[in-house]
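Asks: This is the structure I want to talk about, given as structure tokens.
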Amino acid sequence: MAAPAPLRQRRPRRFRERKDVLHDLDDGELIKRYRLDRAGIIFVTDLVRGPLTNPTGRNQVLTPEMKIIVLLRYLATGKMQLCSMDDLGPSQQTVSQVITETLMALSSNAILTQFITFPITPHETQRKIVDFQQIAGFPGMIGAIDGTHVRISAPSEFEGEYVNRKGYHSINVQVIFDAKYKITDIVAKWPGSVHDARILNESSLNRVVFGRGMVPDGCHLLGDSGYPSKKWLLTPYLRPQPGPQSNYNRAHKITRSVVERGIGQLKWWFHVLHGEIRVQPPSKVCQIIKVCAMLHNICKDRNIYIPAAEDDEEEVDDPLPLQPPQPPAAQRPREGLLYRDEFADLHFRNDN
């Protein structure tokens with residue numbers, strides 16, 4: 001009778017030694033890698049410390065701080081591999097799980113609305129108006145609005161709806177910036193094939209904030225020619241006449257460039273938004289976009305400098321050739337166009 005095979009002894013698990021980046025790196029290096037300094041990382045961690053705290057007593061469980069650091073590294077680079085290669089310790093599978101868990105916690109409405117708020121009180125709107133008017137003399141502005149596409153991998157469901165007019169899969173994101181390059185409103189849920197004008201029309205901004213008169217009279221947004229002209233949304237003249245219309249267009253272009261540079265800063269600082277986001281489903285991409293917007297504002301609040309190198313600024317869409325053809329003026333709502341004429345004549349009769 002053959003002797004029984006010896007029992008194989010189970011090898012003890014070996015864990016990679018984790019770097020304590022909060023103590024090993026100075027603030028400059030932390031900002032370079034994770035976009036926040038030590039105090040900022042702890043601040044963000046404290047926002048979701050409860051949901052991210054694992055009740056188990058095992059030694060190798062990631063702390064809430066480490067979970068935030070893993071997510072920040074992913075958002076800063078767009079590469080999950082770097083989160084496990086930077087001596088942070090977690091395996092690739094753990095990194096993916098941590099990113100999902102941390103995104104869920106930070107993207108809750110209760111957290112986002114603490115840092116992304118649209119001005120509606122007289123004090124808030126007046127402050128925005130003063131800031132914008134200092135740029136190019138354009139009065140009554142509380143925000144600049146635009147859409148930007150965030151590239152995604154082809155989703156498994158409703159794939160065709162996500163193909164935008166440039167031929168790639170994306171989420172079309174509506175975003176509003178103030179004159180200080182802070183995001184005051186963001187809508188990240190629509191497939192890339194949906195036009196900017198429809199996103200605006202379906203938004204609470206149109207239906208509630210301006211639609212129900214929640215903001216004081218005389219407050220406006222600036223948008224490009226892809227948006228309809230409204231009493232509260234001022235767009236450029238396609239063929240301006242010399243005088244007030246040309247003066248209006250000149251100031252409009254300079255002032256509205258805030259949103260283009262703001263989007264450029266957002267995508268440069270959180271590089272995950274700059275390339276193709278290869279996570280599924282698209283709803284998770286929307287979480288990433290909203291969390292990046294919130295973190296962008298936190299960086300602004302904490303005076304963390306966000307560079308805007310020209311080579312990395314937002315690629316501006318070609319607004320007229322690629323936009324759906326505009327109907328003749330006679331077929332468009334006249335109220336917004338007439339209001340724009342009155343506004344230009346009142347404020348831009350003299351060259352500013």
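Chain identifiers are assigned as A, B, and so on, following the order in which chains appear in the structure tokens; residues are numbered from 1 within each chain, and ligands are numbered from 1 in order of appearance.
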Which residues, written as a ChimeraX atom specification, have at least one atom at most 6 Å from stretch 224-239 of chain A, with only C-alpha atoms counted and residues fewer than 5 positions away on the same chain left out?

Replies: /A:197,249,336-337,339

Asks: Give me, as a ChimeraX atom specification, the residues of stretch 139-340 of chain A that a backbone DSSP run labels alpha helix (DSSP H).

Replies: /A:196-202,204,244-269,282-301,319-322,334-340

Asks: Quick one: distance from atom CA of A:Pro242 to atom CA of A:Ile145 in Å, one decimal?

Replies: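 Atom-to-atom, atom CA of A:Pro242 and atom CA of A:Ile145 are spaced 26.0 Å apart.
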
Asks: So which residues touch A:Met104 within 12 Å, counting only C-alpha atoms, skipping near sequence neighbours fewer than 5 positions away, as a ChimeraX atom specification?

Replies: /A:48,51-52,68,71,97-99,109-112,283-288,290-291

Asks: Fewer than 3 positions away in the same chain doesn't count, so skip those; otherwise give me all residues within 7 Å of A:Leu75, counting only C-alpha atoms, as a ChimeraX atom specification.

Replies: /A:71-72,78,270-272

Asks: Would you give me, as JSON, numbers by chain, the residues in stretch 9-201 of chain A that DSSP reads as strand (DSSP E or B)?

Replies: {"A": [141, 142, 143, 144, 145, 146, 147, 148, 149, 150, 151, 152, 163, 169, 170, 171, 172, 173, 174, 175, 176, 177, 183, 184, 185, 186, 187, 188, 189, 190, 191]}

Asks: How about saving the chosen residues, N, CA and C atoms kept, as an mmCIF file, in the first residue's frame?

Replies:
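Written output follows (selection_20.cif):
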```cif
data_model
loop_
_atom_site.group_PDB
_atom_site.id
_atom_site.type_symbol
_atom_site.label_atom_id
_atom_site.label_comp_id
_atom_site.auth_asym_id
_atom_site.auth_seq_id
_atom_site.Cartn_x
_atom_site.Cartn_y
_atom_site.Cartn_z
ATOM 1 N N MET A 141 -23.541 89.115 -15.672
ATOM 2 C CA MET A 141 -23.205 87.709 -15.889
ATOM 3 C C MET A 141 -22.961 86.993 -14.562
ATOM 4 N N ILE A 142 -23.566 85.816 -14.409
ATOM 5 C CA ILE A 142 -23.298 84.999 -13.219
ATOM 6 C C ILE A 142 -22.703 83.643 -13.584
ATOM 7 N N GLY A 143 -22.486 83.381 -14.882
ATOM 8 C CA GLY A 143 -21.884 82.110 -15.265
ATOM 9 C C GLY A 143 -21.695 81.999 -16.762
ATOM 10 N N ALA A 144 -20.734 81.179 -17.166
ATOM 11 C CA ALA A 144 -20.504 80.862 -18.579
ATOM 12 C C ALA A 144 -20.725 79.364 -18.756
ATOM 13 N N ILE A 145 -21.544 79.000 -19.735
ATOM 14 C CA ILE A 145 -21.986 77.617 -19.921
ATOM 15 C C ILE A 145 -21.427 77.039 -21.214
ATOM 16 N N ASP A 146 -21.131 75.755 -21.187
ATOM 17 C CA ASP A 146 -20.689 75.061 -22.402
ATOM 18 C C ASP A 146 -20.870 73.566 -22.194
ATOM 19 N N GLY A 147 -20.752 72.824 -23.270
ATOM 20 C CA GLY A 147 -20.744 71.368 -23.207
ATOM 21 C C GLY A 147 -19.371 70.849 -23.569
ATOM 22 N N THR A 148 -18.983 69.760 -22.959
ATOM 23 C CA THR A 148 -17.707 69.132 -23.287
ATOM 24 C C THR A 148 -17.899 67.623 -23.302
ATOM 25 N N HIS A 149 -17.211 66.961 -24.215
ATOM 26 C CA HIS A 149 -17.363 65.510 -24.349
ATOM 27 C C HIS A 149 -16.226 64.798 -23.624
ATOM 28 N N VAL A 150 -16.593 63.806 -22.824
ATOM 29 C CA VAL A 150 -15.625 62.950 -22.154
ATOM 30 C C VAL A 150 -15.674 61.587 -22.840
ATOM 31 N N ARG A 151 -14.549 61.187 -23.417
ATOM 32 C CA ARG A 151 -14.496 59.958 -24.215
ATOM 33 C C ARG A 151 -14.607 58.726 -23.316
ATOM 34 N N ILE A 152 -15.417 57.746 -23.764
ATOM 35 C CA ILE A 152 -15.587 56.495 -23.022
ATOM 36 C C ILE A 152 -15.415 55.326 -23.978
ATOM 37 N N VAL A 163 -22.392 57.603 -29.471
ATOM 38 C CA VAL A 163 -21.505 58.086 -30.525
ATOM 39 C C VAL A 163 -21.832 59.540 -30.809
ATOM 40 N N HIS A 169 -17.337 57.495 -28.894
ATOM 41 C CA HIS A 169 -18.263 57.322 -27.781
ATOM 42 C C HIS A 169 -17.924 58.313 -26.668
ATOM 43 N N SER A 170 -18.956 58.913 -26.107
ATOM 44 C CA SER A 170 -18.685 59.921 -25.079
ATOM 45 C C SER A 170 -19.909 60.162 -24.208
ATOM 46 N N ILE A 171 -19.643 60.865 -23.101
ATOM 47 C CA ILE A 171 -20.677 61.494 -22.286
ATOM 48 C C ILE A 171 -20.615 62.985 -22.602
ATOM 49 N N ASN A 172 -21.762 63.584 -22.928
ATOM 50 C CA ASN A 172 -21.798 65.026 -23.169
ATOM 51 C C ASN A 172 -22.127 65.713 -21.847
ATOM 52 N N VAL A 173 -21.199 66.520 -21.367
ATOM 53 C CA VAL A 173 -21.289 67.116 -20.033
ATOM 54 C C VAL A 173 -21.569 68.606 -20.157
ATOM 55 N N GLN A 174 -22.626 69.059 -19.505
ATOM 56 C CA GLN A 174 -22.914 70.493 -19.427
ATOM 57 C C GLN A 174 -22.286 71.048 -18.157
ATOM 58 N N VAL A 175 -21.540 72.139 -18.301
ATOM 59 C CA VAL A 175 -20.831 72.688 -17.142
ATOM 60 C C VAL A 175 -20.892 74.207 -17.175
ATOM 61 N N ILE A 176 -20.987 74.807 -15.994
ATOM 62 C CA ILE A 176 -20.997 76.256 -15.849
ATOM 63 C C ILE A 176 -19.857 76.660 -14.914
ATOM 64 N N PHE A 177 -19.076 77.645 -15.343
ATOM 65 C CA PHE A 177 -17.988 78.188 -14.538
ATOM 66 C C PHE A 177 -18.295 79.633 -14.164
ATOM 67 N N ILE A 183 -16.588 75.678 -10.655
ATOM 68 C CA ILE A 183 -17.764 75.073 -11.280
ATOM 69 C C ILE A 183 -18.973 75.323 -10.390
ATOM 70 N N THR A 184 -20.012 75.937 -10.968
ATOM 71 C CA THR A 184 -21.221 76.220 -10.194
ATOM 72 C C THR A 184 -22.373 75.293 -10.550
ATOM 73 N N ASP A 185 -22.236 74.557 -11.636
ATOM 74 C CA ASP A 185 -23.278 73.587 -12.006
ATOM 75 C C ASP A 185 -22.686 72.601 -13.002
ATOM 76 N N ILE A 186 -23.064 71.342 -12.870
ATOM 77 C CA ILE A 186 -22.599 70.325 -13.819
ATOM 78 C C ILE A 186 -23.691 69.283 -14.012
ATOM 79 N N VAL A 187 -23.899 68.898 -15.269
ATOM 80 C CA VAL A 187 -24.846 67.836 -15.620
ATOM 81 C C VAL A 187 -24.065 66.783 -16.387
ATOM 82 N N ALA A 188 -23.883 65.625 -15.770
ATOM 83 C CA ALA A 188 -23.097 64.544 -16.387
ATOM 84 C C ALA A 188 -23.936 63.279 -16.390
ATOM 85 N N LYS A 189 -24.741 63.110 -17.437
ATOM 86 C CA LYS A 189 -25.579 61.913 -17.534
ATOM 87 C C LYS A 189 -26.030 61.601 -18.956
ATOM 88 N N TRP A 190 -25.751 62.492 -19.899
ATOM 89 C CA TRP A 190 -26.315 62.339 -21.230
ATOM 90 C C TRP A 190 -25.331 61.689 -22.199
ATOM 91 N N PRO A 191 -25.812 60.770 -23.056
ATOM 92 C CA PRO A 191 -24.958 60.160 -24.088
ATOM 93 C C PRO A 191 -24.432 61.201 -25.058
#
```

Asks: Atom CA of A:Lys79 to atom CA of A:Pro55: how many Å, to one decimal?

Replies: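 Going from atom CA of A:Lys79 over to atom CA of A:Pro55 covers 28.8 Å.
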
Asks: If we count only C-alpha atoms, what is near A:Arg33 at a cut-off of 8 Å, once residues fewer than 2 positions away on the same chain are taken out, given as a list in words?

Replies: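 Using only C-alpha atoms, the neighbours found are Glu29, Leu30, Ile31, Arg35, Arg73 and Ala76 of chain A.
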
Asks: Given the selection you just returned, output its residues as a file containing all heavy atoms, formatted as an mmCIF file, in the first residue's frame.

Replies:
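Written file, result.cif:
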```
data_model
loop_
_atom_site.group_PDB
_atom_site.id
_atom_site.type_symbol
_atom_site.label_atom_id
_atom_site.label_comp_id
_atom_site.auth_asym_id
_atom_site.auth_seq_id
_atom_site.Cartn_x
_atom_site.Cartn_y
_atom_site.Cartn_z
ATOM 1 N N GLU A 29 5.119 67.329 -3.638
ATOM 2 C CA GLU A 29 5.054 66.037 -4.308
ATOM 3 C C GLU A 29 3.663 65.432 -4.211
ATOM 4 O O GLU A 29 3.190 64.786 -5.156
ATOM 5 C CB GLU A 29 6.095 65.086 -3.693
ATOM 6 C CG GLU A 29 6.288 63.786 -4.465
ATOM 7 C CD GLU A 29 6.856 63.984 -5.860
ATOM 8 O OE1 GLU A 29 7.526 65.021 -6.080
ATOM 9 O OE2 GLU A 29 6.609 63.113 -6.719
ATOM 10 N N LEU A 30 2.992 65.639 -3.091
ATOM 11 C CA LEU A 30 1.612 65.139 -2.956
ATOM 12 C C LEU A 30 0.695 65.792 -3.982
ATOM 13 O O LEU A 30 -0.113 65.107 -4.628
ATOM 14 C CB LEU A 30 1.093 65.411 -1.532
ATOM 15 C CG LEU A 30 1.672 64.549 -0.414
ATOM 16 C CD1 LEU A 30 1.217 65.073 0.950
ATOM 17 C CD2 LEU A 30 1.267 63.080 -0.573
ATOM 18 N N ILE A 31 0.838 67.099 -4.149
ATOM 19 C CA ILE A 31 0.001 67.792 -5.138
ATOM 20 C C ILE A 31 0.310 67.290 -6.548
ATOM 21 O O ILE A 31 -0.589 67.084 -7.366
ATOM 22 C CB ILE A 31 0.217 69.318 -5.036
ATOM 23 C CG1 ILE A 31 -0.363 69.835 -3.716
ATOM 24 C CG2 ILE A 31 -0.421 70.040 -6.216
ATOM 25 C CD1 ILE A 31 -0.033 71.288 -3.425
ATOM 26 N N ARG A 35 -2.917 65.687 -6.533
ATOM 27 C CA ARG A 35 -3.654 66.928 -6.784
ATOM 28 C C ARG A 35 -4.096 67.659 -5.521
ATOM 29 O O ARG A 35 -4.733 68.691 -5.615
ATOM 30 C CB ARG A 35 -4.878 66.684 -7.687
ATOM 31 C CG ARG A 35 -4.591 66.055 -9.036
ATOM 32 C CD ARG A 35 -3.343 66.605 -9.679
ATOM 33 N NE ARG A 35 -3.255 66.310 -11.097
ATOM 34 C CZ ARG A 35 -2.122 66.151 -11.751
ATOM 35 N NH1 ARG A 35 -0.965 66.226 -11.097
ATOM 36 N NH2 ARG A 35 -2.109 65.924 -13.054
ATOM 37 N N ARG A 73 -5.019 59.211 -7.185
ATOM 38 C CA ARG A 73 -3.971 58.845 -8.147
ATOM 39 C C ARG A 73 -4.582 58.413 -9.475
ATOM 40 O O ARG A 73 -4.080 58.777 -10.545
ATOM 41 C CB ARG A 73 -3.098 57.722 -7.566
ATOM 42 C CG ARG A 73 -1.899 57.343 -8.428
ATOM 43 C CD ARG A 73 -0.983 58.523 -8.655
ATOM 44 N NE ARG A 73 0.279 58.118 -9.273
ATOM 45 C CZ ARG A 73 1.063 58.943 -9.952
ATOM 46 N NH1 ARG A 73 0.742 60.208 -10.112
ATOM 47 N NH2 ARG A 73 2.200 58.497 -10.459
ATOM 48 N N ALA A 76 -5.947 61.540 -11.235
ATOM 49 C CA ALA A 76 -4.867 62.404 -11.712
ATOM 50 C C ALA A 76 -4.181 61.851 -12.955
ATOM 51 O O ALA A 76 -3.652 62.613 -13.769
ATOM 52 C CB ALA A 76 -3.831 62.607 -10.607
#
```

Asks: Write out as a VMD selection string each polymer residue whose atoms come within 9 Å of A:Gly243, counting only C-alpha atoms; drop sequence neighbours fewer than 6 positions from it.

Replies: chain A and resid 345 348 to 351

Asks: Record the distance separating atom CA of A:Arg198 and atom CA of A:Pro139, expressed in Å with one decimal.

Replies: 26.6 Å

Asks: Here is a test: counting only C-alpha atoms, which residue of A:His123, A:Lys67, A:Arg334, A:Lys182 is nearest to A:Met294?

Replies: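 Closest to A:Met294 of all the choices is A:Lys182.
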
Asks: Just want the 8 Å neighbourhood of A:Thr45, counted on only C-alpha atoms, with same-chain residues fewer than 4 positions away dropped. Output as an MDAnalysis selection string.

Replies: chainID A and resid 41 49 64:65 68

Asks: Would you mind telling me which residue in A:Trp269, A:Tyr181, A:Phe43, A:Phe343 lies nearest to A:Tyr74 when using only C-alpha atoms?

Replies: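 Answer, going by the shortest atom-to-atom distance: A:Trp269.
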